[in-house]
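Colleague: Structure in structure tokens, see below.
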Amino acid sequence: MAAAGTETTETPLASAPLERVRAALARLNNRQKVVLMVAIAALVALLVAAATLLRQSEFRILFSNVGERDGGAIIAALEQMNVPFRFNDSGSAILVPAARVHDVRLRLASQGLPRGGAVGFELMESQKFGISQFAEQLNYQRGLEGELSRTVQSIAAVEAARVHLAIPKPSVFMREELKPSASVMLRLYSGRSLDAAQIAGIQNLVAASVPQLSPASVTLLDQSGTLLSQMKSKLLEAGLDPTQVKYVNEIEASIIKRIEDILTPIVGAGNARVQIAADIDFSQSEQTAETHRPNATPPEISIRSQQTNESASTSPSAQGVPGALSNQPPVPATAPLTQPAVPPATAGAAAPLPGQINAAGVQAPIASVGQPLNTSKSSTINYEVDRTIRHVRQSVGTIKRLSAAVVVNQRKEIAKDGKSVSKPLPDAELKQISDLVKEAMGFSKDRGDTISVANAPFTAIEKDDGVPLWRDPETLSLAKELVKYGVLAAIIAYLLLGVVRPLVRTMVGPPAGEKTVGSQIDVRAADEEGEEAGAEHVPTASELLERKLAEVRAIAQQDPQAVANIIKEWTGANAG
């Protein structure tokens, strides 16, 4: 009979799922139904919120800090490409799905977006027919300003830039000709700055883009109104460039490393501090000298050529009786006149004999030589010129002077009381350290190098652990995210386990083996009997019956609907 009743009870439930749901809902009172509906609605809302939070991390920044005109053009292009987008909390950035960031940037770049808030030479592409020369020149100037602005914005530290050009009209009068000028307004990123080399680079960039514009006529300002074009670097004023400064630093660092390497085995690691100041000569000079010295010392005299000339002559004197006869030509001679032969001139001619004369290498009797006798002698000597030509080209980057300062820590020893005591190094050891430092640095007294070695106790430096973990911004951000998701998960778990689960159990009914109230009462009674098994008082049958009836009354008061459903099932089973 019971089996037949069971079949008549389960068959309609299995065939009609809707009836099962109605029967399950019928087991709940009105208050429980309201709680169930509220819990389900809260769960759906929480799940949607969690999905929204998770989807937010899938969006990445496409562009930030764009102008209103560029922002509108970018949004219109995104809508045409059917790309979902959103804005950040401050509205200064456009977000798109992370998987499409690079694709969208390339597509927008092909359309010339973003334009940076300024128009370039694309303004010349849409020229109207019949435009005046003034308007055409104005559009050209606007396009040039826009292109320069875009170029300056490509610098890493520059967030935005505006360029204004003042190009005067050409004049045929040279005295009235004006030079062009330019002004550049820069907006730098937070925490960024421009050094002197970058400022000079921007000035030269703008000056090279405009004819007859000098870099000195380019004025630069930042967003705070600071005049950047007048900032001068001490290195530039000293005539050094960054490459030369880097070379000086490398020389000083190499000398410091050599000194520390040779002192570390002696005093220990970290017990010596070394500083080097190098004076480097970067001047480039070439010198050519030609020196002439007199040939005063006979051994150093060098004769190039020598020429000697000697001559002798006689001039006839008046002879005979004065008068007309002495002025007449001589009568032809009746006998031949002869002269003695002249011996050849030799370098080593002998001294003249008595009654003879030796002149210009000619030796003859005095009687045969007319009076008076004229002699002349000239000598020309050409000496080699003592000349020295020297061409000197000095090398660049030579060391003019080195200054070294070395501080050595005092040696620590353990005293009798167990405390650490610092003791100075002996003079002999300090002298040894000084000699080693001189050799390591290449000390030169002629060059004017100086060195100073000091022995002093080092002060212990407290280690800075940095920002505590609980104050680290990244840690705080991560903690906030964890707390947000943790609270969300805790609320969902409470709704599922504390609200929905008991209501679902009530709707489903008791498990198989505990279908009746009587069986539940028997189980509770058995538990109570087990707890009171060790007690001295053993309840009688009437007491057990009273307890069971009390349990049934309590269950009926707590959940009358469930009791009514059970009674309906009993009556339905008996009727079957």
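Following the order of the structure tokens, first chain is A, next is B, and so on, with residues numbered from 1 inside each chain and ligands from 1 in the order they appear.
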If we count only C-alpha atoms, what is near Val38 (chain A) at a cut-off of 10 Å, once residues fewer than 6 positions away on the same chain are taken out, given as a PyMOL selection string?
Modeller: chain A and resi 32+44+495+499-500
Colleague: Print the selection's residues with C-alpha atoms to a file, as a PDB file, in the first residue's frame.
Modeller:
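So the final result, stored in out_30.pdb, reads:
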```
ATOM      1  CA  GLN A  32      10.392  33.875   2.980  1.00  0.00           C
ATOM      2  CA  VAL A  44      22.183  39.298  -9.925  1.00  0.00           C
ATOM      3  CA  LEU A 495      23.557  35.635   0.263  1.00  0.00           C
ATOM      4  CA  VAL A 499      19.808  33.241   2.690  1.00  0.00           C
ATOM      5  CA  VAL A 500      19.322  31.301  -0.514  1.00  0.00           C
TER       6      VAL A 500
END
```
Colleague: If you count only C-alpha atoms, which residues fall within 9 Å of Gln141 (chain A), apart from same-chain ones fewer than 5 positions away, as a VMD selection string?
Modeller: chain A and resid 136 146 165 167
Colleague: Write the residues of the selection above to a file with all heavy atoms, as a PDB file, in the first residue's frame.
Modeller:
```
ATOM      1  N   GLU A 136      46.957  83.177 -49.248  1.00  0.00           N
ATOM      2  CA  GLU A 136      47.830  82.044 -49.518  1.00  0.00           C
ATOM      3  C   GLU A 136      49.083  82.097 -48.647  1.00  0.00           C
ATOM      4  O   GLU A 136      49.510  81.077 -48.084  1.00  0.00           O
ATOM      5  CB  GLU A 136      48.210  82.034 -51.000  1.00  0.00           C
ATOM      6  CG  GLU A 136      49.029  80.818 -51.400  1.00  0.00           C
ATOM      7  CD  GLU A 136      49.329  80.822 -52.887  1.00  0.00           C
ATOM      8  OE1 GLU A 136      48.876  81.764 -53.581  1.00  0.00           O
ATOM      9  OE2 GLU A 136      50.019  79.902 -53.355  1.00  0.00           O
ATOM     10  N   GLY A 146      52.131  74.964 -37.684  1.00  0.00           N
ATOM     11  CA  GLY A 146      51.595  73.686 -37.232  1.00  0.00           C
ATOM     12  C   GLY A 146      52.603  72.553 -37.362  1.00  0.00           C
ATOM     13  O   GLY A 146      52.729  71.701 -36.467  1.00  0.00           O
ATOM     14  N   LEU A 165      55.273  82.524 -35.635  1.00  0.00           N
ATOM     15  CA  LEU A 165      56.304  83.078 -36.504  1.00  0.00           C
ATOM     16  C   LEU A 165      55.936  84.496 -36.894  1.00  0.00           C
ATOM     17  O   LEU A 165      54.776  84.778 -37.243  1.00  0.00           O
ATOM     18  CB  LEU A 165      56.471  82.225 -37.763  1.00  0.00           C
ATOM     19  CG  LEU A 165      56.883  80.767 -37.556  1.00  0.00           C
ATOM     20  CD1 LEU A 165      56.940  80.042 -38.892  1.00  0.00           C
ATOM     21  CD2 LEU A 165      58.220  80.678 -36.845  1.00  0.00           C
ATOM     22  N   ILE A 167      57.058  86.800 -39.668  1.00  0.00           N
ATOM     23  CA  ILE A 167      57.809  86.887 -40.921  1.00  0.00           C
ATOM     24  C   ILE A 167      57.453  88.207 -41.586  1.00  0.00           C
ATOM     25  O   ILE A 167      56.316  88.393 -42.038  1.00  0.00           O
ATOM     26  CB  ILE A 167      57.484  85.708 -41.845  1.00  0.00           C
ATOM     27  CG1 ILE A 167      57.766  84.381 -41.135  1.00  0.00           C
ATOM     28  CG2 ILE A 167      58.276  85.793 -43.136  1.00  0.00           C
ATOM     29  CD1 ILE A 167      57.397  83.160 -41.934  1.00  0.00           C
TER      30      ILE A 167
END
```
Colleague: Using only C-alpha atoms for the distances, tell me which of A:Val218, A:Ile131, A:Gly71, A:Val552 is nearest to His164 (chain A).
Modeller: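 For His164 (chain A), the nearest of the given residues is A:Val218.
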Colleague: Contacts of region 197-204 of chain A at 12 Å or less, counting only C-alpha atoms, minus same-chain residues fewer than 2 places along, as a short mmCIF file (atom, residue, chain, number, x, y, z; two decimals) with all heavy atoms, in the first residue's frame?
Modeller:
```
data_model
loop_
_atom_site.label_atom_id
_atom_site.label_comp_id
_atom_site.auth_asym_id
_atom_site.auth_seq_id
_atom_site.Cartn_x
_atom_site.Cartn_y
_atom_site.Cartn_z
N LEU A 148 55.88 72.81 -37.31
CA LEU A 148 56.90 73.00 -36.29
C LEU A 148 56.38 72.59 -34.91
O LEU A 148 57.12 72.00 -34.11
CB LEU A 148 57.37 74.45 -36.27
CG LEU A 148 58.24 74.90 -37.45
CD1 LEU A 148 58.51 76.39 -37.38
CD2 LEU A 148 59.56 74.13 -37.46
N SER A 149 55.12 72.88 -34.63
CA SER A 149 54.53 72.47 -33.34
C SER A 149 54.53 70.96 -33.21
O SER A 149 54.89 70.41 -32.15
CB SER A 149 53.12 73.02 -33.21
OG SER A 149 53.12 74.43 -33.27
N THR A 151 56.52 68.87 -34.68
CA THR A 151 57.90 68.39 -34.56
C THR A 151 58.43 68.59 -33.15
O THR A 151 59.08 67.70 -32.58
CB THR A 151 58.80 69.11 -35.57
OG1 THR A 151 58.26 68.94 -36.88
CG2 THR A 151 60.20 68.54 -35.54
N VAL A 152 58.15 69.76 -32.57
CA VAL A 152 58.63 70.02 -31.20
C VAL A 152 57.93 69.11 -30.21
O VAL A 152 58.52 68.67 -29.21
CB VAL A 152 58.42 71.51 -30.86
CG1 VAL A 152 58.78 71.78 -29.40
CG2 VAL A 152 59.26 72.39 -31.77
N GLN A 153 56.66 68.77 -30.44
CA GLN A 153 55.93 67.88 -29.54
C GLN A 153 56.47 66.46 -29.54
O GLN A 153 56.20 65.70 -28.61
CB GLN A 153 54.45 67.85 -29.92
CG GLN A 153 53.68 69.11 -29.56
CD GLN A 153 52.22 69.03 -29.97
OE1 GLN A 153 51.73 67.98 -30.36
NE2 GLN A 153 51.52 70.15 -29.89
N SER A 154 57.23 66.10 -30.55
CA SER A 154 57.80 64.76 -30.58
C SER A 154 58.94 64.57 -29.59
O SER A 154 59.40 63.46 -29.37
CB SER A 154 58.30 64.44 -32.00
OG SER A 154 59.33 65.35 -32.38
N ILE A 155 59.41 65.66 -28.97
CA ILE A 155 60.43 65.55 -27.93
C ILE A 155 59.80 64.92 -26.69
O ILE A 155 58.66 65.21 -26.33
CB ILE A 155 61.03 66.93 -27.62
CG1 ILE A 155 61.67 67.52 -28.89
CG2 ILE A 155 62.04 66.86 -26.49
CD1 ILE A 155 62.18 68.93 -28.71
N ALA A 156 60.54 64.06 -26.01
CA ALA A 156 59.98 63.24 -24.93
C ALA A 156 59.44 64.09 -23.79
O ALA A 156 58.40 63.77 -23.21
CB ALA A 156 61.05 62.27 -24.40
N ALA A 157 60.12 65.17 -23.43
CA ALA A 157 59.70 65.98 -22.27
C ALA A 157 58.60 66.97 -22.59
O ALA A 157 58.03 67.56 -21.68
CB ALA A 157 60.90 66.72 -21.68
N VAL A 158 58.27 67.17 -23.86
CA VAL A 158 57.28 68.18 -24.27
C VAL A 158 55.93 67.51 -24.45
O VAL A 158 55.79 66.55 -25.21
CB VAL A 158 57.73 68.88 -25.57
CG1 VAL A 158 56.68 69.90 -26.00
CG2 VAL A 158 59.08 69.55 -25.38
N ALA A 161 53.03 72.00 -27.65
CA ALA A 161 53.83 73.14 -28.09
C ALA A 161 53.03 73.97 -29.08
O ALA A 161 52.21 73.44 -29.83
CB ALA A 161 55.14 72.68 -28.74
N VAL A 163 53.86 77.31 -31.82
CA VAL A 163 54.90 78.10 -32.46
C VAL A 163 54.24 79.28 -33.16
O VAL A 163 53.26 79.11 -33.90
CB VAL A 163 55.71 77.25 -33.46
CG1 VAL A 163 56.78 78.10 -34.13
CG2 VAL A 163 56.34 76.06 -32.76
N SER A 181 61.41 86.56 -36.72
CA SER A 181 61.57 86.11 -35.34
C SER A 181 60.50 85.05 -35.06
O SER A 181 59.54 84.89 -35.82
CB SER A 181 61.47 87.27 -34.35
OG SER A 181 60.20 87.89 -34.47
N ALA A 182 60.69 84.33 -33.97
CA ALA A 182 59.76 83.25 -33.62
C ALA A 182 59.67 83.15 -32.10
O ALA A 182 60.61 83.49 -31.37
CB ALA A 182 60.23 81.92 -34.20
N SER A 183 58.53 82.69 -31.64
CA SER A 183 58.30 82.42 -30.21
C SER A 183 57.64 81.06 -30.09
O SER A 183 56.73 80.73 -30.85
CB SER A 183 57.42 83.51 -29.59
OG SER A 183 56.17 83.57 -30.26
N VAL A 184 58.10 80.30 -29.11
CA VAL A 184 57.64 78.92 -28.90
C VAL A 184 57.15 78.80 -27.47
O VAL A 184 57.87 79.14 -26.52
CB VAL A 184 58.76 77.90 -29.17
CG1 VAL A 184 58.24 76.48 -28.99
CG2 VAL A 184 59.33 78.09 -30.57
N MET A 185 55.91 78.33 -27.31
CA MET A 185 55.32 78.09 -26.00
C MET A 185 55.28 76.58 -25.77
O MET A 185 54.68 75.84 -26.56
CB MET A 185 53.90 78.68 -25.93
CG MET A 185 53.23 78.48 -24.60
SD MET A 185 53.99 79.45 -23.30
CE MET A 185 53.06 78.93 -21.87
N LEU A 186 55.90 76.13 -24.68
CA LEU A 186 56.01 74.70 -24.40
C LEU A 186 55.23 74.37 -23.14
O LEU A 186 55.24 75.12 -22.16
CB LEU A 186 57.48 74.29 -24.20
CG LEU A 186 58.44 74.58 -25.36
CD1 LEU A 186 59.85 74.19 -24.96
CD2 LEU A 186 58.02 73.84 -26.61
N SER A 193 61.95 68.44 -17.37
CA SER A 193 62.59 69.72 -17.64
C SER A 193 63.50 69.56 -18.84
O SER A 193 63.84 68.45 -19.24
CB SER A 193 63.37 70.22 -16.42
OG SER A 193 64.41 69.31 -16.10
N LEU A 194 63.89 70.70 -19.40
CA LEU A 194 64.78 70.73 -20.55
C LEU A 194 66.13 71.30 -20.12
O LEU A 194 66.19 72.28 -19.39
CB LEU A 194 64.20 71.60 -21.67
CG LEU A 194 62.88 71.14 -22.29
CD1 LEU A 194 62.39 72.16 -23.31
CD2 LEU A 194 63.03 69.78 -22.95
N ASP A 195 67.21 70.64 -20.57
CA ASP A 195 68.54 71.17 -20.28
C ASP A 195 68.94 72.16 -21.37
O ASP A 195 68.20 72.41 -22.32
CB ASP A 195 69.55 70.03 -20.16
CG ASP A 195 69.58 69.15 -21.39
OD1 ASP A 195 69.03 69.56 -22.43
OD2 ASP A 195 70.15 68.04 -21.32
N VAL A 206 63.91 75.46 -35.07
CA VAL A 206 62.99 76.47 -35.58
C VAL A 206 63.71 77.43 -36.52
O VAL A 206 63.18 77.82 -37.57
CB VAL A 206 62.33 77.22 -34.40
CG1 VAL A 206 61.43 78.33 -34.91
CG2 VAL A 206 61.53 76.26 -33.54
N ALA A 207 64.95 77.81 -36.15
CA ALA A 207 65.69 78.76 -36.99
C ALA A 207 66.04 78.16 -38.34
O ALA A 207 66.04 78.87 -39.36
CB ALA A 207 66.96 79.20 -36.27
N ALA A 208 66.31 76.86 -38.39
CA ALA A 208 66.66 76.24 -39.67
C ALA A 208 65.45 76.04 -40.57
O ALA A 208 65.61 75.75 -41.77
CB ALA A 208 67.33 74.89 -39.41
N SER A 209 64.24 76.20 -40.04
CA SER A 209 63.03 76.00 -40.83
C SER A 209 62.52 77.28 -41.48
O SER A 209 61.64 77.21 -42.34
CB SER A 209 61.92 75.40 -39.96
OG SER A 209 62.33 74.17 -39.38
N VAL A 210 63.05 78.41 -41.06
CA VAL A 210 62.58 79.70 -41.58
C VAL A 210 63.79 80.41 -42.19
O VAL A 210 64.83 80.53 -41.53
CB VAL A 210 61.95 80.56 -40.47
CG1 VAL A 210 61.47 81.89 -41.03
CG2 VAL A 210 60.79 79.82 -39.83
N LEU A 213 66.31 83.34 -40.35
CA LEU A 213 65.97 83.37 -38.93
C LEU A 213 67.15 82.84 -38.14
O LEU A 213 67.60 81.71 -38.36
CB LEU A 213 64.71 82.55 -38.65
CG LEU A 213 64.29 82.45 -37.18
CD1 LEU A 213 63.97 83.83 -36.61
CD2 LEU A 213 63.07 81.53 -37.04
N SER A 214 67.67 83.63 -37.23
CA SER A 214 68.80 83.22 -36.41
C SER A 214 68.31 82.57 -35.13
O SER A 214 67.22 82.91 -34.63
CB SER A 214 69.68 84.43 -36.07
OG SER A 214 68.95 85.37 -35.32
N PRO A 215 69.08 81.65 -34.56
CA PRO A 215 68.65 81.02 -33.29
C PRO A 215 68.46 82.02 -32.16
O PRO A 215 67.65 81.78 -31.26
CB PRO A 215 69.78 80.03 -33.00
CG PRO A 215 70.40 79.75 -34.34
CD PRO A 215 70.28 81.02 -35.11
N ALA A 216 69.22 83.12 -32.17
CA ALA A 216 69.06 84.11 -31.10
C ALA A 216 67.72 84.81 -31.16
O ALA A 216 67.28 85.39 -30.15
CB ALA A 216 70.19 85.14 -31.18
N SER A 217 67.03 84.77 -32.30
CA SER A 217 65.73 85.41 -32.44
C SER A 217 64.57 84.49 -32.10
O SER A 217 63.41 84.85 -32.31
CB SER A 217 65.56 85.94 -33.86
OG SER A 217 66.57 86.87 -34.19
N VAL A 218 64.85 83.30 -31.57
CA VAL A 218 63.81 82.34 -31.19
C VAL A 218 63.67 82.38 -29.67
O VAL A 218 64.64 82.15 -28.94
CB VAL A 218 64.16 80.91 -31.66
CG1 VAL A 218 63.07 79.93 -31.25
CG2 VAL A 218 64.35 80.90 -33.18
N THR A 219 62.49 82.70 -29.19
CA THR A 219 62.20 82.81 -27.76
C THR A 219 61.40 81.60 -27.31
O THR A 219 60.40 81.25 -27.94
CB THR A 219 61.43 84.11 -27.45
OG1 THR A 219 62.17 85.22 -27.96
CG2 THR A 219 61.22 84.27 -25.97
N LEU A 220 61.83 80.98 -26.20
CA LEU A 220 61.17 79.80 -25.66
C LEU A 220 60.64 80.11 -24.26
O LEU A 220 61.36 80.68 -23.43
CB LEU A 220 62.14 78.62 -25.58
CG LEU A 220 62.22 77.69 -26.80
CD1 LEU A 220 62.91 78.39 -27.95
CD2 LEU A 220 62.94 76.41 -26.45
N LEU A 221 59.38 79.71 -24.00
CA LEU A 221 58.76 79.83 -22.69
C LEU A 221 58.10 78.51 -22.33
O LEU A 221 57.68 77.75 -23.22
CB LEU A 221 57.69 80.94 -22.66
CG LEU A 221 58.16 82.39 -22.59
CD1 LEU A 221 58.51 82.91 -23.97
CD2 LEU A 221 57.09 83.27 -21.95
N ASP A 222 58.00 78.22 -21.03
CA ASP A 222 57.28 77.04 -20.59
C ASP A 222 55.91 77.45 -20.06
O ASP A 222 55.52 78.62 -20.11
CB ASP A 222 58.08 76.27 -19.54
CG ASP A 222 58.35 77.11 -18.29
OD1 ASP A 222 57.89 78.27 -18.24
OD2 ASP A 222 59.01 76.60 -17.37
N LEU A 227 61.33 82.01 -18.94
CA LEU A 227 62.04 82.22 -20.20
C LEU A 227 63.17 81.22 -20.29
O LEU A 227 64.19 81.33 -19.60
CB LEU A 227 62.56 83.66 -20.28
CG LEU A 227 63.21 84.08 -21.60
CD1 LEU A 227 62.21 83.96 -22.75
CD2 LEU A 227 63.74 85.49 -21.51
N LEU A 228 62.99 80.22 -21.14
CA LEU A 228 63.98 79.15 -21.25
C LEU A 228 65.13 79.52 -22.18
O LEU A 228 66.22 78.98 -22.04
CB LEU A 228 63.31 77.87 -21.77
CG LEU A 228 62.14 77.33 -20.95
CD1 LEU A 228 61.56 76.10 -21.63
CD2 LEU A 228 62.58 77.01 -19.53
N SER A 229 64.91 80.43 -23.10
CA SER A 229 65.94 80.72 -24.09
C SER A 229 67.12 81.47 -23.50
O SER A 229 68.17 81.56 -24.14
CB SER A 229 65.35 81.55 -25.23
OG SER A 229 64.72 82.71 -24.74
N GLN A 230 67.01 82.02 -22.29
CA GLN A 230 68.13 82.72 -21.67
C GLN A 230 68.88 81.86 -20.68
O GLN A 230 69.80 82.33 -20.03
CB GLN A 230 67.63 83.98 -20.96
CG GLN A 230 67.19 85.08 -21.91
CD GLN A 230 66.85 86.36 -21.18
OE1 GLN A 230 66.80 86.41 -19.95
NE2 GLN A 230 66.61 87.42 -21.94
N MET A 231 68.46 80.63 -20.51
CA MET A 231 69.16 79.73 -19.60
C MET A 231 70.48 79.32 -20.23
O MET A 231 70.53 78.81 -21.35
CB MET A 231 68.31 78.50 -19.29
CG MET A 231 67.04 78.79 -18.53
SD MET A 231 66.05 77.30 -18.28
CE MET A 231 67.19 76.31 -17.33
N LYS A 232 71.56 79.55 -19.51
CA LYS A 232 72.89 79.21 -19.99
C LYS A 232 73.50 78.14 -19.10
O LYS A 232 73.31 78.13 -17.88
CB LYS A 232 73.79 80.44 -20.00
CG LYS A 232 73.34 81.52 -20.98
CD LYS A 232 74.30 82.68 -20.99
CE LYS A 232 73.87 83.76 -21.99
NZ LYS A 232 74.80 84.89 -22.00
N SER A 233 74.22 77.29 -19.71
CA SER A 233 74.88 76.23 -18.98
C SER A 233 76.29 76.66 -18.60
O SER A 233 76.99 77.33 -19.36
CB SER A 233 74.94 74.95 -19.83
OG SER A 233 75.69 73.96 -19.19
N LYS A 234 76.72 76.30 -17.41
CA LYS A 234 78.08 76.61 -16.98
C LYS A 234 79.10 75.91 -17.86
O LYS A 234 80.20 76.41 -18.08
CB LYS A 234 78.26 76.21 -15.52
CG LYS A 234 77.38 77.01 -14.56
CD LYS A 234 77.64 76.60 -13.13
CE LYS A 234 76.78 77.41 -12.16
NZ LYS A 234 77.00 77.02 -10.76
N LEU A 235 78.74 74.75 -18.32
CA LEU A 235 79.66 74.01 -19.19
C LEU A 235 79.84 74.73 -20.51
O LEU A 235 80.94 74.83 -21.05
CB LEU A 235 79.15 72.59 -19.42
CG LEU A 235 79.01 71.73 -18.16
CD1 LEU A 235 78.44 70.38 -18.53
CD2 LEU A 235 80.33 71.59 -17.46
N LEU A 236 78.71 75.25 -21.05
CA LEU A 236 78.83 75.97 -22.31
C LEU A 236 79.58 77.28 -22.12
O LEU A 236 80.34 77.70 -23.00
CB LEU A 236 77.43 76.24 -22.88
CG LEU A 236 76.63 74.98 -23.27
CD1 LEU A 236 75.26 75.39 -23.77
CD2 LEU A 236 77.37 74.20 -24.33
N LEU A 240 82.99 73.98 -22.66
CA LEU A 240 82.97 72.52 -22.69
C LEU A 240 81.61 72.05 -23.20
O LEU A 240 80.59 72.69 -22.97
CB LEU A 240 83.22 71.94 -21.29
CG LEU A 240 84.56 72.28 -20.64
CD1 LEU A 240 84.66 71.62 -19.29
CD2 LEU A 240 85.72 71.84 -21.52
N ASP A 241 81.63 70.91 -23.83
CA ASP A 241 80.40 70.29 -24.28
C ASP A 241 80.19 69.01 -23.48
O ASP A 241 81.08 68.56 -22.75
CB ASP A 241 80.43 70.02 -25.78
CG ASP A 241 81.64 69.18 -26.19
OD1 ASP A 241 82.27 68.59 -25.30
OD2 ASP A 241 81.95 69.13 -27.39
N PRO A 242 79.02 68.39 -23.56
CA PRO A 242 78.77 67.17 -22.78
C PRO A 242 79.77 66.06 -23.05
O PRO A 242 80.09 65.28 -22.15
CB PRO A 242 77.34 66.79 -23.20
CG PRO A 242 76.71 68.06 -23.61
CD PRO A 242 77.80 68.88 -24.24
N THR A 243 80.28 65.97 -24.26
CA THR A 243 81.26 64.93 -24.55
C THR A 243 82.55 65.14 -23.76
O THR A 243 83.13 64.19 -23.21
CB THR A 243 81.56 64.91 -26.05
OG1 THR A 243 80.35 64.75 -26.77
CG2 THR A 243 82.51 63.77 -26.39
#
```
Colleague: Just list as a list in words whatever in region 101-277 of chain A DSSP marks as strand (DSSP E or B).
Modeller: Val158, Glu159, Ala160, Ala161, Arg162, Val163, His164, Leu165, Ala166, Ser181, Ala182, Ser183, Val184, Met185, Leu186, Arg187, Leu188, Val218, Thr219, Leu220, Leu221, Leu227, Ala272, Arg273, Val274, Gln275, Ile276 and Ala277 of chain A
Colleague: Based on the selection just made, write N, CA and C atoms of those residues as a short mmCIF file (atom, residue, chain, number, x, y, z; two decimals), in the first residue's frame.
Modeller:
```cif
data_model
loop_
_atom_site.label_atom_id
_atom_site.label_comp_id
_atom_site.auth_asym_id
_atom_site.auth_seq_id
_atom_site.Cartn_x
_atom_site.Cartn_y
_atom_site.Cartn_z
N VAL A 158 58.27 67.17 -23.86
CA VAL A 158 57.28 68.18 -24.27
C VAL A 158 55.93 67.51 -24.45
N GLU A 159 54.95 68.02 -23.72
CA GLU A 159 53.59 67.50 -23.86
C GLU A 159 52.84 68.21 -24.98
N ALA A 160 52.98 69.51 -25.08
CA ALA A 160 52.32 70.29 -26.13
C ALA A 160 53.18 71.49 -26.44
N ALA A 161 53.03 72.00 -27.65
CA ALA A 161 53.83 73.14 -28.09
C ALA A 161 53.03 73.97 -29.08
N ARG A 162 53.29 75.27 -29.04
CA ARG A 162 52.72 76.20 -30.01
C ARG A 162 53.83 77.10 -30.52
N VAL A 163 53.86 77.31 -31.82
CA VAL A 163 54.90 78.10 -32.46
C VAL A 163 54.24 79.28 -33.16
N HIS A 164 54.79 80.47 -32.93
CA HIS A 164 54.32 81.70 -33.58
C HIS A 164 55.49 82.29 -34.36
N LEU A 165 55.27 82.52 -35.63
CA LEU A 165 56.30 83.08 -36.50
C LEU A 165 55.94 84.50 -36.89
N ALA A 166 56.92 85.38 -36.82
CA ALA A 166 56.76 86.76 -37.26
C ALA A 166 57.65 86.96 -38.48
N SER A 181 61.41 86.56 -36.72
CA SER A 181 61.57 86.11 -35.34
C SER A 181 60.50 85.05 -35.06
N ALA A 182 60.69 84.33 -33.97
CA ALA A 182 59.76 83.25 -33.62
C ALA A 182 59.67 83.15 -32.10
N SER A 183 58.53 82.69 -31.64
CA SER A 183 58.30 82.42 -30.21
C SER A 183 57.64 81.06 -30.09
N VAL A 184 58.10 80.30 -29.11
CA VAL A 184 57.64 78.92 -28.90
C VAL A 184 57.15 78.80 -27.47
N MET A 185 55.91 78.33 -27.31
CA MET A 185 55.32 78.09 -26.00
C MET A 185 55.28 76.58 -25.77
N LEU A 186 55.90 76.13 -24.68
CA LEU A 186 56.01 74.70 -24.40
C LEU A 186 55.23 74.37 -23.14
N ARG A 187 54.56 73.22 -23.16
CA ARG A 187 53.95 72.66 -21.96
C ARG A 187 54.63 71.32 -21.70
N LEU A 188 55.40 71.29 -20.63
CA LEU A 188 56.20 70.11 -20.31
C LEU A 188 55.40 69.15 -19.43
N VAL A 218 64.85 83.30 -31.57
CA VAL A 218 63.81 82.34 -31.19
C VAL A 218 63.67 82.38 -29.67
N THR A 219 62.49 82.70 -29.19
CA THR A 219 62.20 82.81 -27.76
C THR A 219 61.40 81.60 -27.31
N LEU A 220 61.83 80.98 -26.20
CA LEU A 220 61.17 79.80 -25.66
C LEU A 220 60.64 80.11 -24.26
N LEU A 221 59.38 79.71 -24.00
CA LEU A 221 58.76 79.83 -22.69
C LEU A 221 58.10 78.51 -22.33
N LEU A 227 61.33 82.01 -18.94
CA LEU A 227 62.04 82.22 -20.20
C LEU A 227 63.17 81.22 -20.29
N ALA A 272 87.72 53.13 2.68
CA ALA A 272 88.46 54.21 2.01
C ALA A 272 87.53 54.95 1.07
N ARG A 273 87.64 56.27 1.10
CA ARG A 273 86.88 57.12 0.20
C ARG A 273 87.87 57.96 -0.60
N VAL A 274 87.71 57.95 -1.92
CA VAL A 274 88.66 58.60 -2.81
C VAL A 274 87.91 59.57 -3.71
N GLN A 275 88.47 60.76 -3.86
CA GLN A 275 87.94 61.76 -4.78
C GLN A 275 89.10 62.32 -5.60
N ILE A 276 88.85 62.47 -6.90
CA ILE A 276 89.87 62.96 -7.83
C ILE A 276 89.29 64.16 -8.57
N ALA A 277 90.10 65.22 -8.67
CA ALA A 277 89.76 66.39 -9.47
C ALA A 277 90.81 66.50 -10.57
#
```
Colleague: Could you pull out the helix (DSSP H, G or I) residues of region 184-316 of chain A, going by DSSP on the backbone, and write them as a PyMOL selection string?
Modeller: chain A and resi 196-209+215-217+234-237+242-267+298-300
Colleague: With only C-alpha atoms as the atoms that count, which of A:Ile74, A:Leu18, A:Ala41, A:Met81 lies nearest to Ile492 (chain A)?
Modeller: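 Of all the options, A:Ala41 lies closest to Ile492 (chain A).
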Colleague: Would you mind telling me which residue in A:Ala253, A:Ala440, A:Ala456, A:Ile433 lies nearest to Arg411 (chain A) when using only C-alpha atoms?
Modeller: A:Ala456
Colleague: Set the distance at 10 Å and use only C-alpha atoms: which residues neighbour Leu43 (chain A) once local chain neighbours fewer than 3 positions away are removed? I'd like the list as a count of residues only.
Modeller: 14
Colleague: For CA of Val421 (chain A) and CA of Ala405 (chain A), determine how far apart the two atoms are, in Å to one decimal place.
Modeller: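 It comes out at 25.1 Å.
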